[in-house]
$ cat query_36.csv   # CSV, C-alpha atoms
chain,number,residue,atom,x,y,z
M,169,MET,CA,14.5,201.9,76.3
M,170,ALA,CA,14.4,204.4,73.5
M,171,GLU,CA,12.8,207.7,74.1
M,172,LEU,CA,10.4,207.2,71.2
M,173,ASN,CA,9.3,203.7,70.0
M,174,ILE,CA,7.8,203.5,66.5
M,175,SER,CA,6.3,200.4,65.0
M,176,GLU,CA,5.0,200.3,61.4
M,177,ARG,CA,2.1,198.5,60.0
M,178,GLN,CA,0.2,198.6,56.7
M,179,ALA,CA,-3.6,199.2,56.5
M,180,GLY,CA,-4.3,199.0,52.7
M,181,ASP,CA,-2.2,201.7,51.1
M,182,VAL,CA,-1.9,203.7,54.4
M,183,THR,CA,1.2,203.2,56.5
M,184,VAL,CA,0.3,203.5,60.2
M,185,LEU,CA,3.1,204.4,62.6
M,186,ASP,CA,2.2,203.5,66.2
M,187,MET,CA,4.3,205.7,68.4
M,188,SER,CA,4.9,205.6,72.1
M,189,GLY,CA,7.2,207.7,74.4
M,190,LYS,CA,8.2,211.3,74.0
M,191,ILE,CA,8.9,213.4,71.0
M,192,THR,CA,11.4,215.8,72.4
M,193,ILE,CA,14.6,217.5,71.4
M,194,GLY,CA,17.3,215.0,70.6
M,195,GLU,CA,16.5,211.3,70.3
M,196,GLY,CA,12.7,211.5,70.0
M,197,SER,CA,12.6,214.1,67.3
M,198,VAL,CA,15.3,212.4,65.4
M,199,ALA,CA,13.5,209.1,65.5
M,200,LEU,CA,10.3,210.6,64.1
M,201,ARG,CA,12.3,212.4,61.3
M,202,THR,CA,14.2,209.2,60.4
M,203,ALA,CA,11.0,207.1,60.3
M,204,VAL,CA,9.1,209.7,58.1
M,205,ARG,CA,12.1,210.1,55.7
M,206,ARG,CA,12.4,206.4,55.4
M,207,MET,CA,8.7,206.1,54.5
M,208,LEU,CA,9.2,208.6,51.7
M,209,GLU,CA,12.2,206.8,50.4
M,210,GLU,CA,10.1,203.7,50.2
M,211,GLY,CA,7.4,205.5,48.3
M,212,LYS,CA,4.9,205.4,51.2
M,213,LYS,CA,3.1,208.6,51.0
M,214,LYS,CA,-0.1,208.0,53.0
M,215,ILE,CA,1.0,208.1,56.6
M,216,LEU,CA,-1.1,208.0,59.7
M,217,LEU,CA,0.7,208.8,63.0
M,218,ASN,CA,-0.9,207.0,65.9
M,219,LEU,CA,0.1,209.2,68.8
M,220,ALA,CA,-1.9,207.4,71.5
M,221,GLY,CA,1.2,206.4,73.4
M,222,VAL,CA,2.9,209.8,73.1
M,223,GLY,CA,2.6,211.4,76.5
M,224,TYR,CA,4.9,214.3,76.0
M,225,ILE,CA,6.1,216.6,73.2
M,226,ASP,CA,8.2,219.8,73.3
M,227,SER,CA,8.6,222.6,70.8
M,228,SER,CA,11.2,220.6,69.0
M,229,GLY,CA,8.8,217.7,68.7
M,230,ILE,CA,6.0,220.0,67.5
M,231,GLY,CA,8.5,221.4,64.9
M,232,GLU,CA,9.3,217.8,63.8
M,233,LEU,CA,5.6,217.1,63.3
M,234,VAL,CA,5.3,220.2,61.1
M,235,SER,CA,8.5,219.3,59.2
M,236,SER,CA,7.1,215.8,58.6
M,237,TYR,CA,3.8,217.2,57.4
M,238,THR,CA,5.6,219.6,55.0
M,239,ALA,CA,8.0,217.0,53.6
M,240,ILE,CA,5.2,214.5,52.9
M,241,ASN,CA,3.0,217.2,51.3
M,242,LYS,CA,5.8,218.3,49.2
M,243,ASP,CA,6.2,214.8,47.9
M,244,GLY,CA,2.5,214.6,47.0
M,245,GLY,CA,1.5,212.6,50.1
M,246,GLN,CA,-0.6,213.1,53.1
M,247,LEU,CA,0.2,213.0,56.8
M,248,LYS,CA,-2.6,212.7,59.4
M,249,LEU,CA,-2.7,212.3,63.1
M,250,LEU,CA,-4.6,209.8,65.2
M,251,ASN,CA,-5.4,209.5,68.9
M,252,LEU,CA,-3.9,212.6,70.4
M,253,THR,CA,-3.6,212.6,74.2
M,254,GLN,CA,-5.4,215.5,75.8
M,255,LYS,CA,-2.1,217.3,76.5
M,256,LEU,CA,-1.0,216.9,72.9
M,257,GLN,CA,-4.4,218.1,71.7
M,258,ASP,CA,-4.1,221.2,74.0
M,259,LEU,CA,-0.6,222.0,72.7
M,260,LEU,CA,-1.7,221.8,69.1
M,261,ALA,CA,-4.6,224.0,69.9
M,262,ILE,CA,-2.5,226.6,71.7
M,263,THR,CA,0.0,226.7,68.8
M,264,LYS,CA,-2.9,226.8,66.3
M,265,LEU,CA,-1.7,223.7,64.6
M,266,LEU,CA,-5.0,222.0,64.9
M,267,THR,CA,-5.9,224.2,61.9
M,268,VAL,CA,-3.1,222.6,60.0
M,269,PHE,CA,-3.2,218.9,60.8
M,270,ASP,CA,-6.0,216.5,60.0
M,271,VAL,CA,-6.7,214.9,63.4
M,272,TYR,CA,-8.8,211.8,64.1
M,273,GLU,CA,-10.0,209.9,67.1
M,274,GLY,CA,-11.0,206.7,65.4
M,275,GLU,CA,-8.7,204.7,63.2
M,276,SER,CA,-11.2,203.5,60.7
M,277,GLU,CA,-12.4,207.1,60.1
M,278,ALA,CA,-8.8,208.2,59.7
M,279,LEU,CA,-8.1,205.4,57.2
M,280,ASN,CA,-11.2,206.2,55.2
M,281,SER,CA,-10.2,209.8,55.0
M,282,PHE,CA,-7.2,209.0,52.8
M,283,LYS,CA,-9.5,207.6,50.1
A,747,MET,CA,-3.0,262.6,123.4
A,748,ALA,CA,-3.2,258.9,123.6
A,749,LEU,CA,-0.1,257.1,122.6
A,750,VAL,CA,-0.7,254.0,120.5
A,751,ARG,CA,2.1,251.7,120.6
A,752,GLU,CA,2.3,249.4,117.7
A,753,ARG,CA,3.7,246.0,118.2
A,754,PRO,CA,6.6,245.2,115.9
A,755,CYS,CA,5.4,242.8,113.2
A,756,LEU,CA,7.7,240.1,112.0
A,757,ILE,CA,7.0,238.6,108.7
A,758,VAL,CA,8.9,235.5,107.8
A,759,VAL,CA,8.9,234.5,104.2
A,760,THR,CA,10.6,231.2,103.6
A,761,VAL,CA,12.2,230.8,100.2
A,762,GLU,CA,13.6,227.4,99.2
A,763,THR,CA,16.4,227.8,96.7
A,764,THR,CA,17.8,225.0,94.5
A,765,GLU,CA,20.6,225.5,92.0
A,766,PHE,CA,21.9,223.3,89.2
A,767,LYS,CA,24.9,223.8,86.9
A,768,LEU,CA,25.2,221.7,83.8
A,769,PRO,CA,27.4,221.6,80.7
A,770,SER,CA,25.7,222.7,77.5
A,771,ARG,CA,24.4,219.5,76.0
A,772,ILE,CA,20.9,218.4,75.1
A,773,GLY,CA,20.9,215.8,77.8
A,774,ALA,CA,21.0,218.7,80.3
A,775,VAL,CA,17.3,219.4,79.5
A,776,GLU,CA,16.2,216.0,80.8
A,777,GLU,CA,18.5,216.1,83.8
A,778,VAL,CA,17.3,219.5,85.0
A,779,ALA,CA,13.6,218.6,84.3
A,780,ALA,CA,13.9,215.4,86.4
A,781,ALA,CA,15.6,217.3,89.3
A,782,VAL,CA,13.1,220.1,89.2
A,783,ALA,CA,10.1,217.7,89.1
A,784,GLY,CA,11.2,216.4,92.5
A,785,VAL,CA,11.3,219.9,93.9
A,786,MET,CA,8.0,220.9,92.3
A,787,SER,CA,6.2,217.9,93.8
A,788,ARG,CA,6.6,219.5,97.2
A,789,SER,CA,5.5,222.9,95.9
A,790,GLY,CA,1.8,222.3,95.9
A,791,LEU,CA,1.3,223.1,92.2
A,792,ASP,CA,-1.5,221.2,90.6
A,793,GLU,CA,-0.8,218.7,87.9
A,794,GLN,CA,-1.8,221.1,85.0
A,795,ALA,CA,0.3,223.9,86.3
A,796,ALA,CA,3.3,221.6,87.0
A,797,PHE,CA,3.0,220.3,83.4
A,798,GLY,CA,3.3,223.9,82.1
A,799,VAL,CA,6.2,224.8,84.4
A,800,ASP,CA,8.0,221.7,83.3
A,801,MET,CA,7.5,222.5,79.7
A,802,ALA,CA,8.6,226.2,80.2
A,803,LEU,CA,11.7,225.0,82.0
A,804,ARG,CA,12.6,222.5,79.3
A,805,GLU,CA,12.2,225.2,76.6
A,806,ALA,CA,14.3,227.7,78.5
A,807,VAL,CA,17.1,225.2,79.1
A,808,THR,CA,16.9,224.1,75.5
A,809,ASN,CA,17.3,227.7,74.4
A,810,ALA,CA,20.2,228.2,76.7
A,811,VAL,CA,22.0,225.1,75.4
A,812,LEU,CA,21.3,225.6,71.7
A,813,HIS,CA,21.0,229.4,71.1
A,814,GLY,CA,22.8,230.8,74.2
A,815,ASN,CA,25.8,228.5,74.6
A,816,LYS,CA,25.6,227.0,71.1
A,817,LYS,CA,26.2,223.5,72.5
A,818,ASP,CA,29.7,224.5,73.7
A,819,GLU,CA,30.1,222.1,76.6
A,820,THR,CA,32.7,224.2,78.2
A,821,LYS,CA,30.0,226.7,78.9
A,822,LEU,CA,27.5,226.1,81.7
A,823,VAL,CA,23.8,226.5,82.0
A,824,GLU,CA,22.8,227.5,85.5
A,825,VAL,CA,19.3,227.0,86.8
A,826,VAL,CA,18.1,228.6,90.0
A,827,LEU,CA,14.7,227.6,91.4
A,828,ASN,CA,13.1,229.7,94.2
A,829,ILE,CA,10.0,228.5,95.8
A,830,SER,CA,8.2,231.0,98.1
A,831,PRO,CA,4.8,230.6,99.7
A,832,SER,CA,3.3,232.7,96.8
A,833,ALA,CA,5.2,231.6,93.7
A,834,LEU,CA,7.7,229.5,91.9
A,835,GLU,CA,10.5,231.4,90.2
A,836,ILE,CA,12.9,229.9,87.7
A,837,ARG,CA,16.0,231.6,86.4
A,838,VAL,CA,18.0,230.1,83.6
A,839,HIS,CA,21.4,231.6,82.9
A,840,ASP,CA,23.6,231.0,79.8
A,841,GLN,CA,26.9,232.4,78.7
A,842,GLY,CA,25.7,233.6,75.3
A,843,ALA,CA,25.5,237.0,73.7
A,844,GLY,CA,21.8,237.5,74.3
A,845,PHE,CA,18.9,238.4,72.0
A,846,ASN,CA,15.9,240.6,71.8
A,847,PRO,CA,12.8,238.6,72.6
A,848,GLU,CA,10.7,241.2,70.8
A,849,THR,CA,12.2,240.1,67.5
A,850,ILE,CA,10.9,236.6,67.8
A,851,PRO,CA,7.9,236.3,65.4
A,852,ASP,CA,4.5,235.1,66.7
A,853,PRO,CA,4.5,231.4,65.7
A,854,THR,CA,0.7,231.3,65.7
A,855,ILE,CA,0.0,233.7,62.8
A,856,ALA,CA,-0.8,232.1,59.5
A,857,GLU,CA,2.5,232.8,57.7
A,858,ASN,CA,4.5,231.2,60.6
A,859,LEU,CA,2.4,228.1,61.2
A,860,LEU,CA,4.5,225.8,59.1
A,861,LYS,CA,7.8,227.0,60.5
A,862,THR,CA,9.7,224.1,62.2
A,863,SER,CA,11.1,226.2,65.0
A,864,GLY,CA,10.3,229.3,67.0
A,865,ARG,CA,7.6,228.0,69.4
A,866,GLY,CA,9.7,227.7,72.6
A,867,ILE,CA,9.4,231.2,73.8
A,868,PHE,CA,5.7,231.3,72.9
A,869,LEU,CA,5.2,228.2,75.1
A,870,MET,CA,7.2,229.7,78.0
A,871,ARG,CA,5.0,232.8,77.9
A,872,THR,CA,1.8,230.7,77.6
A,873,PHE,CA,2.5,228.5,80.6
A,874,MET,CA,4.2,231.0,83.0
A,875,ASP,CA,2.7,234.2,84.6
A,876,GLU,CA,5.8,236.3,84.0
A,877,VAL,CA,8.7,235.8,81.6
A,878,ASP,CA,11.5,238.3,81.1
A,879,TRP,CA,15.1,238.4,80.0
A,880,VAL,CA,18.2,240.2,81.3
A,881,ILE,CA,21.4,240.5,79.4
A,882,ARG,CA,23.9,240.6,82.2
A,883,PRO,CA,26.7,243.2,82.1
A,884,GLU,CA,29.3,240.5,83.0
A,885,GLY,CA,28.1,238.5,80.0
A,886,GLY,CA,25.4,236.0,79.3
A,887,THR,CA,21.6,236.1,79.4
A,888,THR,CA,19.2,235.2,82.2
A,889,VAL,CA,15.6,234.3,81.6
A,890,ARG,CA,13.4,234.7,84.6
A,891,MET,CA,10.0,232.9,84.8
A,892,LEU,CA,7.4,233.1,87.5
A,893,LYS,CA,4.4,231.0,88.3
A,894,ARG,CA,2.1,232.2,91.0
A,895,PHE,CA,0.4,229.7,93.3
$ encode --input "query_36.csv" --output "structure tokens"
Amino acid sequence: MAELNISERQAGDVTVLDMSGKITIGEGSVALRTAVRRMLEEGKKKILLNLAGVGYIDSSGIGELVSSYTAINKDGGQLKLLNLTQKLQDLLAITKLLTVFDVYEGESEALNSFK
Amino acid sequence: MALVRERPCLIVVTVETTEFKLPSRIGAVEEVAAAVAGVMSRSGLDEQAAFGVDMALREAVTNAVLHGNKKDETKLVEVVLNISPSALEIRVHDQGAGFNPETIPDPTIAENLLKTSGRGIFLMRTFMDEVDWVIRPEGGTTVRMLKRF
């Protein structure tokens, strides 16, 4: 089984990436990078990462979230985060990245925020 | 004058030591973490503390593989785990040239928030009670991390 599984669905003009597994150095970080770059190539610029199934992330994974955020912003798009586990929420708080990312607990609220 | 005879006092401190040696590849991070998780489960650390130790260990081994040994698989990363009744100590050795940890910028200040790397040492320091580095005279760097029970 892959370290990080990503499935894509469309909610209006927002692309939701449902993720489960780990975003860690190597396979997990690469999978996230590949998925986000592919979204941009396909012109999908409103991206919601549903992290409900992501139980673990390391500094490489955190770096990849930042890299994705920066790449999408640079392309005129928006990246938002949905359903952080408590551990992920704590890590983003410790690293002060909760001040950078738009984070939501409910999907409809997250989707409406793109409008 | 009364003579007080003190009984000799014997203090026994049991330290359980576990050592791992792995080639410098990214897969080593998961291998060491899985092995150490088994040892930690017997250490009495609570779940929150064990999560932090696991993360600090992964970051230290990642740094040893990437920055110390520069993914040269002929170079080894050595991990030594010492569990005593009072603390868990982890030492991670690499065969790299070493660095000055004071030169690593604080990743939580505004100008560094959008950097894509540079958070590993910060996380190690966050989750462990002590973190220090030694550049060994025979070559290589050792990071020593301590978590008190």
$ closest_atom_pairs --input "query_36.csv" --of "chain A" --to "chain M" --cutoff "12 Å" --atoms "all atoms listed in the file" --output "JSON lines"
{"residue": "A:Arg771", "atom": "CA", "partner": "M:Gly194", "partner_atom": "CA", "distance": 10.0}
{"residue": "A:Ile772", "atom": "CA", "partner": "M:Gly194", "partner_atom": "CA", "distance": 6.7}
{"residue": "A:Gly773", "atom": "CA", "partner": "M:Gly194", "partner_atom": "CA", "distance": 8.1}
{"residue": "A:Ala774", "atom": "CA", "partner": "M:Gly194", "partner_atom": "CA", "distance": 11.0}
{"residue": "A:Val775", "atom": "CA", "partner": "M:Ile193", "partner_atom": "CA", "distance": 8.7}
{"residue": "A:Glu776", "atom": "CA", "partner": "M:Ile193", "partner_atom": "CA", "distance": 9.7}
{"residue": "A:Glu793", "atom": "CA", "partner": "M:Lys255", "partner_atom": "CA", "distance": 11.6}
{"residue": "A:Gln794", "atom": "CA", "partner": "M:Lys255", "partner_atom": "CA", "distance": 9.3}
{"residue": "A:Phe797", "atom": "CA", "partner": "M:Lys255", "partner_atom": "CA", "distance": 9.1}
{"residue": "A:Gly798", "atom": "CA", "partner": "M:Lys255", "partner_atom": "CA", "distance": 10.2}
{"residue": "A:Asp800", "atom": "CA", "partner": "M:Asp226", "partner_atom": "CA", "distance": 10.2}
{"residue": "A:Met801", "atom": "CA", "partner": "M:Asp226", "partner_atom": "CA", "distance": 7.0}
{"residue": "A:Ala802", "atom": "CA", "partner": "M:Asp226", "partner_atom": "CA", "distance": 9.4}
{"residue": "A:Leu803", "atom": "CA", "partner": "M:Asp226", "partner_atom": "CA", "distance": 10.7}
{"residue": "A:Arg804", "atom": "CA", "partner": "M:Asp226", "partner_atom": "CA", "distance": 7.9}
{"residue": "A:Glu805", "atom": "CA", "partner": "M:Ser227", "partner_atom": "CA", "distance": 7.3}
{"residue": "A:Ala806", "atom": "CA", "partner": "M:Ser227", "partner_atom": "CA", "distance": 10.9}
{"residue": "A:Val807", "atom": "CA", "partner": "M:Ile193", "partner_atom": "CA", "distance": 11.2}
{"residue": "A:Thr808", "atom": "CA", "partner": "M:Ile193", "partner_atom": "CA", "distance": 8.1}
{"residue": "A:Asn809", "atom": "CA", "partner": "M:Ser227", "partner_atom": "CA", "distance": 10.7}
{"residue": "A:Val811", "atom": "CA", "partner": "M:Ile193", "partner_atom": "CA", "distance": 11.3}
{"residue": "A:Leu812", "atom": "CA", "partner": "M:Ile193", "partner_atom": "CA", "distance": 10.5}
{"residue": "A:Asp852", "atom": "CA", "partner": "M:Thr263", "partner_atom": "CA", "distance": 9.8}
{"residue": "A:Pro853", "atom": "CA", "partner": "M:Thr263", "partner_atom": "CA", "distance": 7.2}
{"residue": "A:Thr854", "atom": "CA", "partner": "M:Thr263", "partner_atom": "CA", "distance": 5.6}
{"residue": "A:Ile855", "atom": "CA", "partner": "M:Lys264", "partner_atom": "CA", "distance": 8.3}
{"residue": "A:Ala856", "atom": "CA", "partner": "M:Lys264", "partner_atom": "CA", "distance": 8.9}
{"residue": "A:Glu857", "atom": "CA", "partner": "M:Lys264", "partner_atom": "CA", "distance": 11.8}
{"residue": "A:Asn858", "atom": "CA", "partner": "M:Lys264", "partner_atom": "CA", "distance": 10.3}
{"residue": "A:Leu859", "atom": "CA", "partner": "M:Leu265", "partner_atom": "CA", "distance": 6.9}
{"residue": "A:Leu860", "atom": "CA", "partner": "M:Val234", "partner_atom": "CA", "distance": 6.0}
{"residue": "A:Lys861", "atom": "CA", "partner": "M:Gly231", "partner_atom": "CA", "distance": 7.2}
{"residue": "A:Thr862", "atom": "CA", "partner": "M:Gly231", "partner_atom": "CA", "distance": 4.0}
{"residue": "A:Ser863", "atom": "CA", "partner": "M:Gly231", "partner_atom": "CA", "distance": 5.5}
{"residue": "A:Gly864", "atom": "CA", "partner": "M:Ser227", "partner_atom": "CA", "distance": 7.9}
{"residue": "A:Arg865", "atom": "CA", "partner": "M:Ser227", "partner_atom": "CA", "distance": 5.7}
{"residue": "A:Gly866", "atom": "CA", "partner": "M:Ser227", "partner_atom": "CA", "distance": 5.5}
{"residue": "A:Ile867", "atom": "CA", "partner": "M:Ser227", "partner_atom": "CA", "distance": 9.1}
{"residue": "A:Phe868", "atom": "CA", "partner": "M:Thr263", "partner_atom": "CA", "distance": 8.4}
{"residue": "A:Leu869", "atom": "CA", "partner": "M:Ser227", "partner_atom": "CA", "distance": 7.8}
{"residue": "A:Met870", "atom": "CA", "partner": "M:Ser227", "partner_atom": "CA", "distance": 10.2}
{"residue": "A:Arg871", "atom": "CA", "partner": "M:Ile262", "partner_atom": "CA", "distance": 11.5}
{"residue": "A:Thr872", "atom": "CA", "partner": "M:Ile262", "partner_atom": "CA", "distance": 8.4}
{"residue": "A:Phe873", "atom": "CA", "partner": "M:Ile262", "partner_atom": "CA", "distance": 10.4}
$ residues_around --input "query_36.csv" --residues "range 211-222 of chain M" --least-positions-apart "5" --cutoff "10 Å" --atoms "all atoms listed in the file" --output "NGL selection string"
:M and (172-176 or 178-191 or 200 or 204-206 or 233 or 237 or 240-241 or 243-256 or 270-273 or 275 or 278-279 or 282-283)
$ write_last_selection --input "query_36.csv" --atoms "C-alpha atoms" --output "mmCIF file, keeping the file's coordinate frame"
data_model
loop_
_atom_site.group_PDB
_atom_site.id
_atom_site.type_symbol
_atom_site.label_atom_id
_atom_site.label_comp_id
_atom_site.auth_asym_id
_atom_site.auth_seq_id
_atom_site.Cartn_x
_atom_site.Cartn_y
_atom_site.Cartn_z
ATOM 1 C CA LEU M 172 10.400 207.200 71.200
ATOM 2 C CA ASN M 173 9.300 203.700 70.000
ATOM 3 C CA ILE M 174 7.800 203.500 66.500
ATOM 4 C CA SER M 175 6.300 200.400 65.000
ATOM 5 C CA GLU M 176 5.000 200.300 61.400
ATOM 6 C CA GLN M 178 0.200 198.600 56.700
ATOM 7 C CA ALA M 179 -3.600 199.200 56.500
ATOM 8 C CA GLY M 180 -4.300 199.000 52.700
ATOM 9 C CA ASP M 181 -2.200 201.700 51.100
ATOM 10 C CA VAL M 182 -1.900 203.700 54.400
ATOM 11 C CA THR M 183 1.200 203.200 56.500
ATOM 12 C CA VAL M 184 0.300 203.500 60.200
ATOM 13 C CA LEU M 185 3.100 204.400 62.600
ATOM 14 C CA ASP M 186 2.200 203.500 66.200
ATOM 15 C CA MET M 187 4.300 205.700 68.400
ATOM 16 C CA SER M 188 4.900 205.600 72.100
ATOM 17 C CA GLY M 189 7.200 207.700 74.400
ATOM 18 C CA LYS M 190 8.200 211.300 74.000
ATOM 19 C CA ILE M 191 8.900 213.400 71.000
ATOM 20 C CA LEU M 200 10.300 210.600 64.100
ATOM 21 C CA VAL M 204 9.100 209.700 58.100
ATOM 22 C CA ARG M 205 12.100 210.100 55.700
ATOM 23 C CA ARG M 206 12.400 206.400 55.400
ATOM 24 C CA LEU M 233 5.600 217.100 63.300
ATOM 25 C CA TYR M 237 3.800 217.200 57.400
ATOM 26 C CA ILE M 240 5.200 214.500 52.900
ATOM 27 C CA ASN M 241 3.000 217.200 51.300
ATOM 28 C CA ASP M 243 6.200 214.800 47.900
ATOM 29 C CA GLY M 244 2.500 214.600 47.000
ATOM 30 C CA GLY M 245 1.500 212.600 50.100
ATOM 31 C CA GLN M 246 -0.600 213.100 53.100
ATOM 32 C CA LEU M 247 0.200 213.000 56.800
ATOM 33 C CA LYS M 248 -2.600 212.700 59.400
ATOM 34 C CA LEU M 249 -2.700 212.300 63.100
ATOM 35 C CA LEU M 250 -4.600 209.800 65.200
ATOM 36 C CA ASN M 251 -5.400 209.500 68.900
ATOM 37 C CA LEU M 252 -3.900 212.600 70.400
ATOM 38 C CA THR M 253 -3.600 212.600 74.200
ATOM 39 C CA GLN M 254 -5.400 215.500 75.800
ATOM 40 C CA LYS M 255 -2.100 217.300 76.500
ATOM 41 C CA LEU M 256 -1.000 216.900 72.900
ATOM 42 C CA ASP M 270 -6.000 216.500 60.000
ATOM 43 C CA VAL M 271 -6.700 214.900 63.400
ATOM 44 C CA TYR M 272 -8.800 211.800 64.100
ATOM 45 C CA GLU M 273 -10.000 209.900 67.100
ATOM 46 C CA GLU M 275 -8.700 204.700 63.200
ATOM 47 C CA ALA M 278 -8.800 208.200 59.700
ATOM 48 C CA LEU M 279 -8.100 205.400 57.200
ATOM 49 C CA PHE M 282 -7.200 209.000 52.800
ATOM 50 C CA LYS M 283 -9.500 207.600 50.100
#
$ atom_distance --input "query_36.csv" --atom1 "CA of Ala810 in chain A" --atom2 "CA of Phe845 in chain A"
11.3 Å
$ residues_near_point --input "query_36.csv" --point "(-0.3, 229.8, 97.7)" --cutoff "7 Å" --atoms "all atoms listed in the file" --output "ChimeraX atom specification"
/A:831-832,895
$ write_last_selection --input "query_36.csv" --atoms "C-alpha atoms" --output "PDB file, in the coordinates of the input"
ATOM      1  CA  PRO A 831       4.800 230.600  99.700  1.00  0.00           C
ATOM      2  CA  SER A 832       3.300 232.700  96.800  1.00  0.00           C
ATOM      3  CA  PHE A 895       0.400 229.700  93.300  1.00  0.00           C
TER       4      PHE A 895
END
$ atom_distance --input "query_36.csv" --atom1 "CA of Ala239 in chain M" --atom2 "CA of Glu210 in chain M"
13.9 Å
$ residues_around --input "query_36.csv" --residues "Gly784 in chain A" --least-positions-apart "5" --cutoff "12 Å" --atoms "all atoms listed in the file" --output "list in words"
Thr764, Glu777, Val778, Ala779, Ser789, Gly790, Leu791, Ala796, Asp800 and Leu827 of chain A
$ atom_distance --input "query_36.csv" --atom1 "CA of Glu876 in chain A" --atom2 "CA of Lys816 in chain A"
25.4 Å
$ residues_around --input "query_36.csv" --residues "range 883-893 of chain A" --least-positions-apart "5" --cutoff "7 Å" --atoms "only C-alpha atoms" --output "short mmCIF file (atom, residue, chain, number, x, y, z; two decimals) with C-alpha atoms, keeping the file's coordinate frame"
data_model
loop_
_atom_site.label_atom_id
_atom_site.label_comp_id
_atom_site.auth_asym_id
_atom_site.auth_seq_id
_atom_site.Cartn_x
_atom_site.Cartn_y
_atom_site.Cartn_z
CA ALA A 833 5.20 231.60 93.70
CA LEU A 834 7.70 229.50 91.90
CA GLU A 835 10.50 231.40 90.20
CA ILE A 836 12.90 229.90 87.70
CA ARG A 837 16.00 231.60 86.40
CA VAL A 838 18.00 230.10 83.60
CA HIS A 839 21.40 231.60 82.90
CA ASP A 840 23.60 231.00 79.80
CA GLN A 841 26.90 232.40 78.70
CA GLY A 842 25.70 233.60 75.30
CA ALA A 843 25.50 237.00 73.70
CA GLY A 844 21.80 237.50 74.30
CA MET A 874 4.20 231.00 83.00
CA ASP A 875 2.70 234.20 84.60
CA GLU A 876 5.80 236.30 84.00
CA VAL A 877 8.70 235.80 81.60
CA ASP A 878 11.50 238.30 81.10
#
$ decode --input "query_36.csv" --residues "range 761-775 of chain A" --atoms "N, CA and C atoms" --output "JSON list (two decimals), in the first residue's frame"
[["chain", "number", "residue", "atom", "x", "y", "z"],
["A", 761, "VAL", "N", 20.61, 0.41, 32.68],
["A", 761, "VAL", "CA", 20.45, 1.11, 31.41],
["A", 761, "VAL", "C", 20.34, 0.06, 30.31],
["A", 762, "GLU", "N", 19.27, 0.15, 29.56],
["A", 762, "GLU", "CA", 19.10, -0.76, 28.43],
["A", 762, "GLU", "C", 19.59, -0.04, 27.18],
["A", 763, "THR", "N", 20.54, -0.64, 26.51],
["A", 763, "THR", "CA", 21.10, 0.00, 25.32],
["A", 763, "THR", "C", 20.74, -0.80, 24.08],
["A", 764, "THR", "N", 20.30, -0.09, 23.06],
["A", 764, "THR", "CA", 19.98, -0.73, 21.78],
["A", 764, "THR", "C", 20.70, 0.06, 20.70],
["A", 765, "GLU", "N", 21.32, -0.64, 19.77],
["A", 765, "GLU", "CA", 22.07, 0.05, 18.71],
["A", 765, "GLU", "C", 21.60, -0.41, 17.33],
["A", 766, "PHE", "N", 21.60, 0.52, 16.42],
["A", 766, "PHE", "CA", 21.26, 0.22, 15.03],
["A", 766, "PHE", "C", 22.31, 0.85, 14.12],
["A", 767, "LYS", "N", 22.64, 0.18, 13.04],
["A", 767, "LYS", "CA", 23.52, 0.76, 12.02],
["A", 767, "LYS", "C", 22.85, 0.56, 10.68],
["A", 768, "LEU", "N", 22.69, 1.65, 9.96],
["A", 768, "LEU", "CA", 21.99, 1.55, 8.67],
["A", 768, "LEU", "C", 22.70, 2.34, 7.59],
["A", 769, "PRO", "N", 22.60, 1.89, 6.34],
["A", 769, "PRO", "CA", 23.15, 2.67, 5.24],
["A", 769, "PRO", "C", 22.35, 3.97, 5.06],
["A", 770, "SER", "N", 22.99, 4.96, 4.45],
["A", 770, "SER", "CA", 22.37, 6.29, 4.36],
["A", 770, "SER", "C", 21.37, 6.37, 3.22],
["A", 771, "ARG", "N", 20.20, 5.86, 3.46],
["A", 771, "ARG", "CA", 19.11, 6.01, 2.49],
["A", 771, "ARG", "C", 17.85, 6.40, 3.26],
["A", 772, "ILE", "N", 16.92, 7.01, 2.53],
["A", 772, "ILE", "CA", 15.73, 7.55, 3.19],
["A", 772, "ILE", "C", 14.94, 6.45, 3.91],
["A", 773, "GLY", "N", 14.96, 5.24, 3.35],
["A", 773, "GLY", "CA", 14.25, 4.13, 3.98],
["A", 773, "GLY", "C", 14.72, 3.85, 5.39],
["A", 774, "ALA", "N", 15.94, 4.29, 5.71],
["A", 774, "ALA", "CA", 16.50, 4.04, 7.05],
["A", 774, "ALA", "C", 15.65, 4.73, 8.12],
["A", 775, "VAL", "N", 15.03, 5.85, 7.75],
["A", 775, "VAL", "CA", 14.24, 6.61, 8.73],
["A", 775, "VAL", "C", 13.11, 5.74, 9.27]]
